[in-house]
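Engineer: Quick one: the structure is below, questions incoming.
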Amino acid sequence: MTESNIQDRDHVGLTDTFASRRYFRKFEAITTHLVRVAGYMQADGALSKSDVKVLTGYLSALNFTFRALSMKYLLVGRETGRFFGSLAMDKRDSGFPVASELMTMANDAQQAERHLENMPSEADLKDQMVRTIISDRQIPTKLQFALSQRLYYQELLKGELFWSRNDPVCEWLGTEGERRRFLLHWSVYDSQLNLPVIYLMELEDTGKIALPKDQRRWPEAQAHLMAQSLGELKLVTIAKGFDEDFDNLHPKRLRRFHLGPMYSSAYTEQSGPLRRVLGAARAPEGQDWALAWTLEELESERVIEERTGWFSKVEREIFALDPFGGRGVDTGATHTQRAIILPQPPFQVLAEENPPGFAEVRKYVVSKAGQVLRY
C-alpha cells in the first residue's frame, strides 16, 4: 500500500454540519484549558514567565487558526450551490486537521483582500438574509455560505494565526557577564504527524553585533533552524548542528513541545489505553476527549574549546543526555516529560484502571466549571 493510500485511509472529512461545529468547539475549549495548564507549570517552576508568554502566544494563534477554519467550514454538509469540500482531519495519529489545511489557508491569506473586495459587506449579506426569510420564506443557505466565507477571509486578514511554518523570533533575556542572552522561539505544523510543534532555544551571543540586529547572522540562523525543525530529528542533533555552524552563538537549552495527539471517542480511532478509557467513560458531549503532549528538553552540561586554526579556538557545547537506562542516547534529550489534559469523567476511569505507562505522566483534569487541577 502506498503512502498516499495510507494517508487517505487515515484522513477523514467532517461532512456533517453539527459534527464539524462540535469538533471546533472542542478545540476552542482545549486551547483555553492549555493556557491554564501553562500557568500551573509556571507556578510549579517548570516554566518561566517568558516561557508562558511565548507558549500562550502560540496557543492563541492556534485558537485563531481553528476559528478561521470553523468559519470556512461553517456550512459544511448543507446545500450551498457550490462544492467547497470539508475539513480533512487525521483520525488515526493526531486528531488534528491535516497539514494541507494550513497550507491552503496560508495561500488563501495571500489573496484575502482580493476576495473581500469582490464580496458584499457583512451588513449587506445580513440584510439580504432577513429579506429572504421574511419575503421569500426560505432558509438563506447560499447567503449564509457567502457570509461564512467573508468571515473566514476577515479572520485571515487579521493575522496572528498558527501557520505551517512560524519563523524564529528573538527575545532579549539579559546578560551573563559580557555575553548577551536571548530566547529564540519558533514553531511548525508537523506534516508527517499533523501536530503543532513549538521550539524554544536559550543561547548566549558573543558576536560583535547583537543577533537580532546582525544582518548576516540572524537570517542565516533563522533559515538554519527552520530547516532543522523536523520531528524525526533529535534535539541533540539540532543543537549540535547549530552550535557547529555558528561559532559565536552558544545554545544552552533547547526545548520542544509536541501538542497532541487529541483523542476523542466521537472523532478519532487511535489505539492504546486512552482510547479504551474514553470508551469506558461514556462521557457526555464536550467531555469525551483527552489531549496528550510531550516536552523534550536538552541542556548544555559543559563547554570545551576546539581549535579552528593556528591561533584561534572556539567554544563547543557538550550536552547532557538522560542518564537513566541509556534513554538519552535514544531520545537525544536531557529530560522528556509527558502529560495529558482531560475532563473529569475519563480521568476517573483512568485512575481506576491505572494502565501501565501512566504513572509518570502528569495529569491535568478539567472540572465541569472549567477549572484545571493537577494530579
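So you can find residues: chains in the C-alpha cells are A, B, ... in the order shown, residues in each start at 1, and ligands are numbered from 1 in order.
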Which neighbours of Met105 of chain A fall inside 9 Å, counting only C-alpha atoms, when residues of the same chain fewer than 4 positions from it are skipped, and could you give them as a ChimeraX atom specification?
Structural biologist: /A:65,68-69,100-101,109-110,156,163
Engineer: Fewer than 3 positions away in the same chain doesn't count, so skip those; otherwise give me all residues within 7 Å of segment 234-244 of chain A, counting only C-alpha atoms, as JSON, numbers by chain.
Structural biologist: {"A": [228, 247, 249, 250, 251, 298, 316, 331, 332, 333]}
Engineer: Can you pull out every residue within 12 Å of Ala19 of chain A, counting only C-alpha atoms, but drop anything in the same chain fewer than 5 positions away, and send it as a list of chain:residue names?
Structural biologist: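 That gives A:Gly13, A:Leu14, A:Phe24, A:Arg25, A:Lys26, A:Ser70, A:Tyr73, A:Leu74, A:Leu75, A:Val76, A:Gly77, A:Ser86, A:Leu87, A:Ala266, A:Tyr267, A:Glu285, A:Gly286.
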Engineer: Please, what distance in Å, to one decimal, runs between atom CA of Ser191 of chain A and atom CA of Leu59 of chain A?
Structural biologist: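 Computed distance, atom CA of Ser191 of chain A to atom CA of Leu59 of chain A, equals 18.4 Å.
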Engineer: For Leu147 of chain A, please output as a list of chain:residue names all residues within 8 Å (counting only C-alpha atoms; exclusion window: fewer than 2 positions along the same chain).
Structural biologist: A:Glu122, A:Leu125, A:Lys126, A:Leu143, A:Gln144, A:Phe145, A:Gln149, A:Arg150, A:Leu151
Engineer: Keeping only N, CA and C atoms, write those residues as a tab-separated table (two decimals), in the first residue's frame.
Structural biologist:
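As written to disk, result_11.tsv reads:
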chain	number	residue	atom	x	y	z
A	122	GLU	N	-20.63	42.62	5.22
A	122	GLU	CA	-21.30	41.78	6.21
A	122	GLU	C	-22.71	42.27	6.47
A	125	LEU	N	-25.04	41.38	3.47
A	125	LEU	CA	-25.40	39.97	3.46
A	125	LEU	C	-26.46	39.66	4.51
A	126	LYS	N	-26.32	40.25	5.68
A	126	LYS	CA	-27.31	40.01	6.74
A	126	LYS	C	-28.66	40.60	6.36
A	143	LEU	N	-26.74	32.57	1.07
A	143	LEU	CA	-26.27	33.82	1.68
A	143	LEU	C	-25.49	33.52	2.97
A	144	GLN	N	-25.94	32.52	3.72
A	144	GLN	CA	-25.20	32.12	4.91
A	144	GLN	C	-23.80	31.64	4.54
A	145	PHE	N	-23.71	30.89	3.45
A	145	PHE	CA	-22.41	30.43	2.99
A	145	PHE	C	-21.52	31.60	2.59
A	149	GLN	N	-17.90	32.63	4.32
A	149	GLN	CA	-16.64	32.81	3.59
A	149	GLN	C	-16.06	34.20	3.82
A	150	ARG	N	-16.94	35.20	3.92
A	150	ARG	CA	-16.45	36.55	4.22
A	150	ARG	C	-15.82	36.58	5.60
A	151	LEU	N	-16.45	35.94	6.58
A	151	LEU	CA	-15.89	35.90	7.94
A	151	LEU	C	-14.56	35.14	7.95
Engineer: Compare A:Thr336, A:Glu160, A:Asp124, A:Val37 by their minimum atom-to-atom distance to Tyr375 of chain A, counting only C-alpha atoms, and give me the closest one.
Structural biologist: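 Using only C-alpha atoms, Tyr375 of chain A sits closest to A:Val37.
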